[in-house]
Structure formats: structure tokens, C-alpha cells
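Everything below concerns the one structure shown next.
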Number of protein chains: 2
Amino acid sequence: MKIALAQLNYHIGNFDQNLSKIRTAIEKAKQAKADIVVFAELAISGYPPRDFLEFEDFIKRCETTIAEIAESCVGITAIVGAPLRNDDEHGKGLFNTAFVLANGEIKQVVKKTLLPNYDIFDEYRYFEPNRTFDIVEYKAKKLAITICEDLWNLGNHPLYKINPMDELFRYNPDVMINIAASPFHYDQAKVRKEILLANVSKYKLPLFYVNHVGAQTELLFDGGSLVINAKGEIVEELAYFEEDFKVFDVGNLNVQHTKKETPSKIALIHDGLVMGVKNYFLKLGFNKAILGLSGGIDSAVTAVIAAEALGAKNVRCVLLPSEFSSDHSVNDARDLAENLGSPYEIVPIKGGYQSICESLKKQFEGTSFDITEENIQARIRGVILMALSNKFGYILLNTSNKSEAAVGYGTLYGDMNGGLSVLGDVYKTDVFALAKYINREKEIIPQNSIVKPPSAELRPDQKDTDSLPDYAILDEILFQYIEKRKGPKDLILMGFEESLVKRILKLVNTNEYKRYQTSPVLRVSQKAFGMGRRMPIVAKYLS
Amino acid sequence: MKIALAQLNYHIGNFDQNLSKIRTAIEKAKQAKADIVVFAELAISGYPPRDFLEFEDFIKRCETTIAEIAESCVGITAIVGAPLRNDDEHGKGLFNTAFVLANGEIKQVVKKTLLPNYDIFDEYRYFEPNRTFDIVEYKAKKLAITICEDLWNLGNHPLYKINPMDELFRYNPDVMINIAASPFHYDQAKVRKEILLANVSKYKLPLFYVNHVGAQTELLFDGGSLVINAKGEIVEELAYFEEDFKVFDVGNLNVQHTKKETPSKIALIHDGLVMGVKNYFLKLGFNKAILGLSGGIDSAVTAVIAAEALGAKNVRCVLLPSEFSSDHSVNDARDLAENLGSPYEIVPIKGGYQSICESLKKQFEGTSFDITEENIQARIRGVILMALSNKFGYILLNTSNKSEAAVGYGTLYGDMNGGLSVLGDVYKTDVFALAKYINREKEIIPQNSIVKPPSAELRPDQKDTDSLPDYAILDEILFQYIEKRKGPKDLILMGFEESLVKRILKLVNTNEYKRYQTSPVLRVSQKAFGMGRRMPIVAKYLS
């Protein structure tokens with residue numbers, strides 16, 4: 001028996017395109033004489049379809065598309081994910097389902113049992129958990145089909161009371177198949193591999209695992225579909241961050257690949273971000289980005305990633321010096337654009353800034369330069385960048401990093417503008433590491449942008465460290481609070497100074513309102529700002 | 001037996017203040033010789049605490065606070081909502097729990113069974129559902145205690161497979177007590193009353209129902225706690241939109257109140273919005289609002305609501321005429337500010353606008369006036385308003401209505417700026433109705449603002465109807481799509497023109513990115529933009 005794995009990049013709600021991709025893969029599988037071709041979880045709709053699942057019209061489109069795919073399944077069986085209506089009068093209206101399509105029709109359905117409802121997951125919002133277990137029999141083989149999370153409830157993850165694979169194991173299956181939508185973070189591929197290997201080790205069955213690839217707004221899917229033989233050897237790892245298709249013979253699951261090096265955390269983040277930017281533009285039908293280049297490291301790294309994703313010529317760099325910008329800032333920004341080969345121009349903000357101050361002369365009489373004037377400068381930049389975006393059809397990229405976003409070190413409606421935040425889940429210390437990674441073969445980001453002390457340059461001689469601790473310390477506190485959910489007492493026990501801990505946690509919590517109004521953030525960590533971190537704004541806790 | 005209902009306005013994470021309010025109510029209940037005093041669901045933490053529930057430190061603060069409240073419970077029993085740890089190694093880490101406090105300690109706990117996980121609710125994200133059922137016995141009475149949703153699974157709402165009150169009914173209880181956090185929308189009080197009456201009608205038991213009151217960012221809680229006797233008569237309805245406290249004798253549950261008139265939908269929306277603005281400022285520690293007054297109806301209604309919430313003197317109105325603003329706009333805005341008694345000033349945007357155009361002269365050479373120039377004007381207004389906000393400590397109010405927000409008729413980082421959207425869940429047709437309601441006794445909003453054709457005044461002779469259908473038609477299409485989740489086919493069957501339907505639904509879906517970046521919206525309908533409506537940005541469905 002031959003099983004094909006189709007690791008594809010779907011587009012949420014784009015039924016025509018998803019259908020076309022799936023049909024092409026079915027034809028390829030037929031040509032390769034595969035018996036079964038396996039697609040990812042909710043492949044039909046894209047993942048996650050979110051509240052579109054509450055629209056009857058959307059569900060009907062899923063059903064029509066499944067029927068159309070079934071028509072192509074003659075001489076081959078396809079396993080493909082889509083929502084299925086729940087006929088029971090009780091419970092949620094849908095099941096998250098693997099459709100087994102053969103002989104031109106729906107042969108069988110397998111429903112998801114374990115519904116993740118944490119972090120970025122909302123599956124229990126839409127789906128009823130499965131409670132019945134059946135094996136799929138095909139050409140004298142028994143297939144134990146599960147959906148993503150269904151394989152994740154091994155001993156170390158006791159979130160659920162049931163283990164679907166234990167139930168299926170009673171039928172003496174020959175093969176495990178798991179269809180998944182497993183979002184990327186920089187540790188996820190490692191964790192995922194461990195979990196899948198642990199399943200093989202427990203059940204002594206070969207496993208065929210098919211993941212999504214591509215980005216859906218903030219969520220990145222890294223692919224890396226796997227085949228593991230019954231001995232627990234990885235037979236093959238499909239491509240990371242791109243589509244892939246491979247066929248395997250169940251009777252001959254010898255290790256095909258030379259063991260892939262696990263890329264470093266920074267390389268993974270880099271590749272994920274490039275894919276995220278590329279997919280955001282592609283799926284929205286845009287191909288050109290614009291951004292403000294300050295001469296600092298955040299906008300430099302953002303520009304490089306955008307250039308890799310879209311081509312350097314499609315990244316328009318705008319240098320927006322203020323009266324407080326140093327010459328080296330303009331030079332560093334210009335050097336970067338020239339190194340990249342991206343178009344750049346200089347649009348000074350002094351005129352706009354002075355004009356706003358002039359308009360408010362009466363109101364501001366007797367007041368002195370403060371954060372207000374700093375924000376006006378950042379907002380004039382925002383107005384100029386958005387004007388170019390509107391006039392010429394660019395998407396503006398947000399260049400804030402996670403450290404800044406965490407403590408609110410940025411101007412709402414100013415430098416926090418943009419359709420997509422590229423670095424909003426990357427701490428400043430990792431932005432430095434990304435810059436070094438980018439420069440690993442030759443200097444693309446000017447060394448000066450990397451070594452000079454970070455500054456917003458919104459007042460004379462300003463440095464980030466005027467109001468924030470060193471990033472090494474700040475980032476560790478933020479990581480412990482945001483990713484690890486440590487409290488003030490834990491942090492103090494870890495050796496951080498009490499007043500600093502309190503100040504930082506207060507900054508994080510009181511700046512929730514700013515993050516609420518910023519763009520989606522490409523998610524590369526276990527806890528990114530956005531849909532996976534849901535905080536009240538009007539709260540009084542550690543604030 | 002006497003039961004006191006304490007309907008209080010909690011603040012999320014503000015343990016000290018919540019504790020103090022609860023203790024004061026316990027003292028009041030003692031003075032009134034009550035045997036039991038009942039507080040709302042998750043009163044200790046405020047509702048919804050969202051991801052703070054994932055922080056060990058936050059849970060410890062809940063536990064400490066419960067212990068402190070227990071100390072006050074000598075000679076009286078308190079029933080109060082808080083999270084409780086789940087000791088089982090499987091499942092979510094917490095239960096949503098009613099603590100029964102007596103004799104200085106925790107006497108018993110009752111856990112929530114039905115966990116809403118739709119619309120604005122995320123309870124299954126944090127809580128394990130209860131599976132065991134116990135009655136609480138106190139002074140020879142058997143109390144059937146449930147938590148909010150636990151009473152909502154009557155025949156017409158088959159979302160769950162179990163009905164907790166059926167389980168408790170087996171113990172022959174004497175009284176039903178329900179502690180709740182039931183968020184307001186303009187139909188909710190009616191629906192809630194029907195559900196509670198249906199429970200009484202089914203079990204023939206008196207019901208004591210305690211709800212939250214006050215606002216938590218976008219969520220409004222209208223109070224309206226209820227006592228219903230076994231005959232199904234409403235004994236008393238506690239206050240709407242404000243705190244209340246009342247004591248009842250279980251042996252004498254005769255109807256005390258004169259039947260309250262149900263306020264109109266528009267009156268409810270009005271009262272909810274006023275409470276929402278008041279609570280947002282109060283709980284964030286602000287007392288002054290700023291907004292741009294255009295002379296149009298949206299900013300006028302927003303200003304009036306803000307003035308009712310904060311006092312007219314605390315609402316600074318800024319008139320920001322452009323070269324396309326008509327004289328009547330400035331006059332109408334001025335008249336409104338004068339009618340209200342709010343401070344106002346005129347800050348023309350021409351200088352800022354021209355300065356930005358001048359900065360981009362080279363880039364824009366050969367292009368003609370388009371949406372870009374319209375947006376620049378709106379963004380200059382945004383810069384000026386935020387500068388005043390930053391300099392003098394105002395919160396800027398967003399004045400967009402739901403119709404505009406739905407179709408993206410507004411400038412991101414411009415007129416969509418603000419810390420809170422007051423009218424973002426109110427369709428334009430209802431904004432007109434609100435204006436008439438506000439003027440019911442005397443003209444506060446100038447008649448001209450109500451009768452003139454809506455216009456953004458960002459180009460010569462612009463009208464909203466240049467690019468949008470009449471609001472009566474637009475709003476009905478939007479309501480059917482957003483609130484009722486109707487698809488294009490349904491809408492066409494309802495008689496709307498096909499090309500119009502397609503255009504409007506496309507506008508709604510492709511403008512998700514704008515709504516993602518706007519402030520929280522005070523929720524007054526069953527489906528508001530924000531936490532209760534979760535849509536992908538990078539999708540291709542009806543778009």
C-alpha cells in the first residue's frame with residue numbers, strides 16, 4: 001500500500017483555490033500509484049476559519065467542496081479535513097472531521113475528540129468533541145485516523161480525560177494517520193516530533209503525519225510533515241516552510257533521508273518571519289511593502305525580512321529624519337537600503353511637526369517639551385507613510401519589537417502603525433541575534449546599526465536606557481512574565497530587583513490598550529501578543 | 001430565613017477594592033439580620049478576568065481574598081464567586097466556583113457545570129466543567145446553587161447534554177440561588193427574565209438571582225438581579241445599571257415592587273453606553289474626555305453620552321474644520337457644545353494638511369486628489385486630538401458608528417483613533433434614534449445635525465451616499481449578516497439587490513484589518529465587533 005502526503009498552503013475561505021490545489025495533488029498521487037493521499041486538518045476551509053464557521057453559507061461551501069473532491073476520488077482514497085454538521089440536537093453544531101473519500105463519495109468520517117481551547121486555539125467555540133471511535137478499513141489494512149491534538153494527550157499533557165488513540169488501538173490497526181494544523185513557534189517542531197515519536201513508541205505502529213504549511217495572518221505553519229516507521233525511526237521529514245508532496249510504501253518504510261540538522265532558534269524565527277510576510281502579502285493580493293527606516297536595528301531587520309519575502313525592489317524604504325536624528329542614523333538607513341538594493345527616499349518630518357505645533361500654539365502655551373512632542377513626531381511619520389501607502393498601494397509594515405510592544409515603548413498611531421507586525425513577537429535581544437544571522441555571510445545591516453545604543457531619537461541625546469533597563473534584563477523579566485506566567489514574587493526570588501520587577505509588570509499591564517490597537521503580530525514564540533494572549537484592558541492587577 | 005442580594009460593580013484584578021465592597025455588603029447584611037448574602041459569579045476577581053486566570057499569582061490573590069472574606073462570615077453565610085483549583089491531574093486547572101463561606105471558613109463549594117464558550121465567552125479556555133452535584137444545607141433549608149449558564153440549558157437552548165438544576169432537583173431543594181455575570185445587550189434583560197421564569201415554572205421553587213453591574217472595558221453588565229417566588233411572580237427587580245442591595249424573607253416572598261416598565265431598546269442602549277463610558281474612565285483613573293466634533297450626528301451623540309457619564313465640563317470638544325467643511329458644520333458643532341456646556345475650541349487642520357502635502361510634493365507629483373488626501377485630513381485631526389490628549393491627560397473617544405466600522409468607512413489612525421469606541425456597536429439608524437431620544441425633552445443636539453445628509457466632508461460636496469447605500473438599507477443588510485449570520489443567498493431572497501449584497505459583504509470582510517486595530521467597542525447588541533466576533537484577516541470569503 002502506498003500513501004501520499006500532500007503538505008499544502010491553504011487560504012482561509014478560498015474554496016476555489018483550495019479545491020484546485022487538492023485536486024492537483026490527487027492527480028499527482030494517482031500518477032504515483034498511491035492508494036491513499038492525505039491532506040491536513042480543515043484543509044477545505046483553511047485553518048483557523050474562526051467565526052466563519054458560524055455562517056451557514058460557509059459550511060455549505062465546505063460541503064460542496066468536499067463533494068467536488070470526492071468526485072476526483074476514483075481509483076484512490078483521499079483523507080481530507082473539513083467541518084461536518086452535528087446531527088444530534090444537543091451540543092455544538094459541528095465536528096472537526098477527517099473525511100475519507102473514495103469511489104466518488106464520502107466513504108467514512110472520523111471526528112476529532114480532543115479540541116484545543118487554549119492560547120491561539122478556540123476549537124471548543126465551534127466544535128463538539130467526538131465520543132465514538134472507529135477504525136477505517138481499506139485494502140485489508142486498518143487505519144487509525146486521528147486529528148492533530150488527538151495524539152497529544154500522552155502522560156505529560158493531562159489536559160483531557162481520554163486518549164483517542166488508546167480507543168482506536170483496540171481494533172488492532174496497522175497504521176496511524178494524523179492530519180494536523182500545528183502552528184509554528186521556535187520550539188514547536190522539536191516538541192511535535194517528540195510527541196509523535198512517543199506515540200509510535202507506545203503503539204509500535206507506523207505514523208503518517210500531515211501538517212499545514214504557510215501563514216494565515218499571524219499564525220505560521222511550518223509544515224515538516226513526518227513519516228515514522230514502527231521502529232520509531234523517522235523515515236522522512238517533509239519540507240519546512242514550503243509546500244511538499246511525497247509518496248511512501250507502507251511495506252517498505254526504511255529511512256530515506258539523511259538526518260536533517262535542526263536549525264537554530266534564530267534561523268527558525270528568520271524563516272518563519274519571511275514566510276509570514278510573503279503569505280500575508282500574497283493572500284491579500286499585494287506585492288509591495290513600505291516602511292520607515294530609522295537607521296536602528298528593528299527597522300533594518302524588518303526591511304531585510306521583507307526584501308527576502310517580496311524582493312528588494314518591492315520594499316520601499318522611507319527615511320524620516322527629525323531635528324533630533326543624528327547624521328549617522330540617516331547614513332545607516334541609506335547604507336542598508338543600498339546594501340539591499342531597495343528603493344529609498346528621504347522625507348524630513350520637520351515641516352509637518354512644526355505645523356502641528358503651530359496649530360496648537362495657543363493650547364500648548366506655557367507647557368514644555370514632553371512625551372507629547374515626541375509622539376507628534378512619530379505620528380507625523382505615520383501620516384507620511386500611510387499617505388504613500390494609500391497613494392501607491394503599499395502595505396505599511398510595523399517595525400516594533402516584542403520588548404517595546406510589551407512595555408508600551410512606542411507611539412500609538414505613530415510608529416506602531418502598519419498592517420502587519422513583523423518583529424512584534426521577537427524580543428530586542430533576539431532582534432540583535434537576527435541581525436547577526438542576517439549578516440552571517442556579508443554585511444547587509446550596517447554594523448553601526450547593530451552596535452550603537454538603541455534610541456527613538458525623539459528628543460536630544462535620547463537613549464532607550466533612559467527609561468528602560470538594559471534589554472538583556474528587560475527581556476528576561478518579560479519572558480518570565482509573558483511566556484512563563486511568573487508573578488512578581490517568582491521574579492524577585494530569581495534575583496531581579498523588586499522595584500524594577502514592579503515597574504516592568506505595571507508597564508506591561510497598563511499598556512494593554514496600546515497592543516489592543518496594533519496590527520496582527522507574526523507568532524514565533526509560545527506566547528505572542530494577539531489572539532493567543534487575551535487580557536482585560538480595564539483591570540487593576542500588578543498595575 | 002432572610003437572603004440579601006448584593007449587586008456590585010467589581011473591578012477586574014482589583015482585589016483590595018472588591019474585598020472592601022464585599023465586606024461592606026456583608027456588614028449591611030448582618031445589620032439587616034440576613035442569614036445569607038449572595039454575591040455575583042467571579043466577584044472576587046471581576047468578570048471576565050481572561051488570561052489573568054493563567055497566572056499562579058492571580059489565583060493566589062483570589063484565594064487570599066476568599067480567606068479574608070470568610071473571616072467576616074461569622075453569624076452570616078456568604079455565597080461568592082471565585083476560581084477554585086482543580087485537584088484532579090486531568091483537565092483544566094480551575095473550576096468557576098460559588099464559595100459558601102460561614103463560621104469564618106469555606107463551608108462548601110459549588111462548581112459551574114455549563115461553561116459558555118461562544119460569542120464573548122471563553123470559559124472553557126480556563127475552567128473544567130463540574131460533573132458532581134450537591135445541595136447546600138443551611139438552617140434546615142436546602143439551597144440549590146448554580147452559576148449563571150447552569151440555568152440556561154432549558155429546552156430551547158440545547159447546547160449542552162446536561163441540565164445541572166435537574167440534578168440538584170433530586171435533593172428536593174427549597175430555594176434556587178444563581179450567581180451570574182450576564183453581559184448586557186439590548187434584548188438581554190428580557191431573554192434573561194424569560195429563562196429565569198421558565199426555571200421557576202419548571203421547578204416550582206423560589207429563585208434568587210444576583211448579577212454583576214458595571215462595565216469591564218467593552219462588556220456592560222446591567223444588574224437587574226431578580227427574586228422570583230415559587231408562583232413565578234417577580235418579587236423584586238434590583239436596579240439596572242447601578243449597584244443595589246436588598247434583603248428578602250424567604251417565608252414571605254410577596255410581590256414588593258410595582259411592575260417596572262421595560263425601557264425601549266434605545267433607552268437601554270443609551271443607559272448602557274453612559275455606564276460604559278463612566279466605568280471605563282473611573283476604573284482607569286481618568287475623568288476627562290476629548291473628542292473631535294464635526295457637526296455631524298455621531299460625534300454629537302458621543303459628546304452627549306460622554307457629558308452624561310463624566311459631566312459636561314469634563315468633555316473637551318475640538319472642532320477641526322478642513323477646507324471642505326461647511327460653515328454649518330462648525331456652527332452645529334459649536335451649538336452642541338454650548339447646549340451641553342462643554343468647553344470647545346476650533347483648531348483648523350489646513351496648516352497640518354498642507355504641510356504634509358508639501359512634504360510629499362515630489363512623490364505625489366502628477367497624481368490627483370484621491371482617498372489619500374481625504375485620509376491625510378482625517379489623520380491630521382487624529383494627530384491634533386492625540387496631542388491634546390497626551391499633553392493634558394484626556395482619553396480620546398472614538399466616534400465611529402457600527403455601520404461605518406462594518407464597511408470600513410473611516411480612516412485608520414485618523415477618525416478611528418480613540419481609547420474607547422462609544423457608538424461602534426450602534427448602527428447609524430440607531431444613532432439617529434439615540435439623537436432623538438437625547439432631544440426628547442429639549443433640543444440638545446442641533447436639529448440640523450440630525451436632518452442634514454451625513455458627510456465626511458473630506459472633499460468638495462461629499463455625501464456618505466456617494467459611496468454607500470441609504471443607511472436604512474445598509475443597516476438591514478449589515479444586521480442580517482453580522483447579527484444573524486445570513487449569507488448572500490439569504491439576503492438576495494430577502495429582496496436585496498444581488499450586486500449591492502455582494503458589495504456590502506465584501507466591504508465588511510475586507511475591512512477586518514481596520515477593525516482589528518481599533519479600540520474596544522462598548523457592546524450593546526448580540527454581536528458586537530471585538531472579542532465576541534473573531535474573524536480571520538487574511539481570508540478570501542465573500543471578498
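Lettering and numbering for the C-alpha cells are positional, with chains as A, B, ... in the shown order, residues counted from 1 in each chain, and ligands counted from 1 in the shown order.
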
Subject >> Selection: 10 Å around A:Ile438, only C-alpha atoms, excl. self and same-chain fewer than 2 positions, as a list in words >> reply: Ile266, Ala267, His270, Val301, Val304, Ile305, Phe432, Ala433, Leu434, Ala435, Lys436, Arg440, Glu441, Lys442, Glu443, Ile444 and Ile445 of chain A

Would you export the selected residues with N, CA and C atoms as a PDB file, in the first residue's frame, please?
ATOM      1  N   ILE A 266      17.128  31.044  16.047  1.00  0.00           N
ATOM      2  CA  ILE A 266      17.127  32.296  15.276  1.00  0.00           C
ATOM      3  C   ILE A 266      16.888  32.018  13.794  1.00  0.00           C
ATOM      4  N   ALA A 267      17.471  30.929  13.285  1.00  0.00           N
ATOM      5  CA  ALA A 267      17.224  30.577  11.879  1.00  0.00           C
ATOM      6  C   ALA A 267      15.748  30.240  11.671  1.00  0.00           C
ATOM      7  N   HIS A 270      13.758  33.424  11.709  1.00  0.00           N
ATOM      8  CA  HIS A 270      14.002  34.106  10.437  1.00  0.00           C
ATOM      9  C   HIS A 270      13.154  33.506   9.316  1.00  0.00           C
ATOM     10  N   VAL A 301      16.141  45.114  10.370  1.00  0.00           N
ATOM     11  CA  VAL A 301      15.822  43.680  10.281  1.00  0.00           C
ATOM     12  C   VAL A 301      14.487  43.483   9.562  1.00  0.00           C
ATOM     13  N   VAL A 304      15.022  43.810   5.829  1.00  0.00           N
ATOM     14  CA  VAL A 304      15.692  42.657   5.231  1.00  0.00           C
ATOM     15  C   VAL A 304      14.709  41.495   5.064  1.00  0.00           C
ATOM     16  N   ILE A 305      13.927  41.251   6.106  1.00  0.00           N
ATOM     17  CA  ILE A 305      12.960  40.145   6.027  1.00  0.00           C
ATOM     18  C   ILE A 305      11.946  40.409   4.918  1.00  0.00           C
ATOM     19  N   PHE A 432      18.691  41.535  17.817  1.00  0.00           N
ATOM     20  CA  PHE A 432      20.149  41.625  17.613  1.00  0.00           C
ATOM     21  C   PHE A 432      20.689  40.323  17.025  1.00  0.00           C
ATOM     22  N   ALA A 433      20.218  39.208  17.572  1.00  0.00           N
ATOM     23  CA  ALA A 433      20.676  37.908  17.075  1.00  0.00           C
ATOM     24  C   ALA A 433      20.253  37.704  15.613  1.00  0.00           C
ATOM     25  N   LEU A 434      19.046  38.166  15.281  1.00  0.00           N
ATOM     26  CA  LEU A 434      18.588  38.074  13.891  1.00  0.00           C
ATOM     27  C   LEU A 434      19.489  38.906  12.975  1.00  0.00           C
ATOM     28  N   ALA A 435      19.859  40.087  13.448  1.00  0.00           N
ATOM     29  CA  ALA A 435      20.727  40.954  12.636  1.00  0.00           C
ATOM     30  C   ALA A 435      22.056  40.259  12.367  1.00  0.00           C
ATOM     31  N   LYS A 436      22.606  39.622  13.403  1.00  0.00           N
ATOM     32  CA  LYS A 436      23.882  38.911  13.207  1.00  0.00           C
ATOM     33  C   LYS A 436      23.695  37.741  12.241  1.00  0.00           C
ATOM     34  N   ARG A 440      25.470  36.965   8.446  1.00  0.00           N
ATOM     35  CA  ARG A 440      26.407  35.851   8.677  1.00  0.00           C
ATOM     36  C   ARG A 440      27.402  35.667   7.540  1.00  0.00           C
ATOM     37  N   GLU A 441      26.989  36.026   6.324  1.00  0.00           N
ATOM     38  CA  GLU A 441      27.927  35.863   5.206  1.00  0.00           C
ATOM     39  C   GLU A 441      28.537  37.173   4.748  1.00  0.00           C
ATOM     40  N   LYS A 442      27.716  38.207   4.735  1.00  0.00           N
ATOM     41  CA  LYS A 442      28.288  39.528   4.420  1.00  0.00           C
ATOM     42  C   LYS A 442      27.464  40.599   5.136  1.00  0.00           C
ATOM     43  N   GLU A 443      28.023  41.774   5.236  1.00  0.00           N
ATOM     44  CA  GLU A 443      27.330  42.832   5.980  1.00  0.00           C
ATOM     45  C   GLU A 443      26.192  43.399   5.145  1.00  0.00           C
ATOM     46  N   ILE A 444      24.977  43.086   5.544  1.00  0.00           N
ATOM     47  CA  ILE A 444      23.797  43.688   4.910  1.00  0.00           C
ATOM     48  C   ILE A 444      23.301  44.814   5.811  1.00  0.00           C
ATOM     49  N   ILE A 445      23.134  44.489   7.085  1.00  0.00           N
ATOM     50  CA  ILE A 445      22.751  45.518   8.050  1.00  0.00           C
ATOM     51  C   ILE A 445      24.039  46.198   8.524  1.00  0.00           C
TER      52      ILE A 445
END

Subject >> Selection near B:Lys259, 10 Å with only C-alpha atoms, sequence-local residues under 6 positions removed, as a PyMOL selection string >> reply: chain B and resi 234-237

Generate a file of the selected residues that holds N, CA and C atoms, formatted as a short mmCIF file (atom, residue, chain, number, x, y, z; two decimals), in the first residue's frame.
data_model
loop_
_atom_site.label_atom_id
_atom_site.label_comp_id
_atom_site.auth_asym_id
_atom_site.auth_seq_id
_atom_site.Cartn_x
_atom_site.Cartn_y
_atom_site.Cartn_z
N ILE B 234 -42.51 37.92 39.85
CA ILE B 234 -41.29 38.66 40.15
C ILE B 234 -41.50 39.47 41.41
N VAL B 235 -40.82 39.06 42.47
CA VAL B 235 -40.96 39.72 43.77
C VAL B 235 -40.26 41.07 43.72
N GLU B 236 -39.08 41.08 43.15
CA GLU B 236 -38.33 42.34 43.07
C GLU B 236 -37.27 42.24 41.98
N GLU B 237 -37.09 43.38 41.35
CA GLU B 237 -36.05 43.53 40.33
C GLU B 237 -35.09 44.56 40.90
#

**OP:** Determine, counting only C-alpha atoms, which protein, DNA and RNA residues have an atom within 12 Å of an atom of A:Glu308; residues of the same chain fewer than 6 positions away are not included. Present the result as an MDAnalysis selection string.
**Re:** chainID A and resid 270:278 289 301:302 314:315 340:342 438

**OP:** Enumerate as an MDAnalysis selection string the residues belonging to chain A that approach chain B to within 7 Å, with only C-alpha atoms taken into account.
**Re:** chainID A and resid 11:14 49:52 55 57 89:92 117:118 124:125 158:161 216:217 280 283:284 347 351:352 355:356 359 372 376 379 383:384 387 390:391 413 485:487 516:519 533:541

Original post:
atom CA of A:Leu310 and atom CA of A:Lys288 are how many Å apart?
Top reply: 7.1 Å

Subject >> Proximity to B:Ile269 - best of B:Asn398, B:Ser525, B:Ser225, B:Asn211, only C-alpha atoms >> reply: B:Ser525

**OP:** Using DSSP on the backbone coordinates, identify all residues within stretch 422-461 of chain A classified as helix (DSSP H, G or I); present the result as a list in words.
**Re:**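 Matching residues for helix (DSSP H, G or I) in stretch 422-461 of chain A are Lys428, Thr429, Asp430, Val431, Phe432, Ala433, Leu434, Ala435, Lys436, Tyr437, Ile438, Gln447, Asn448, Ser449, Ile450 and Val451 of chain A.
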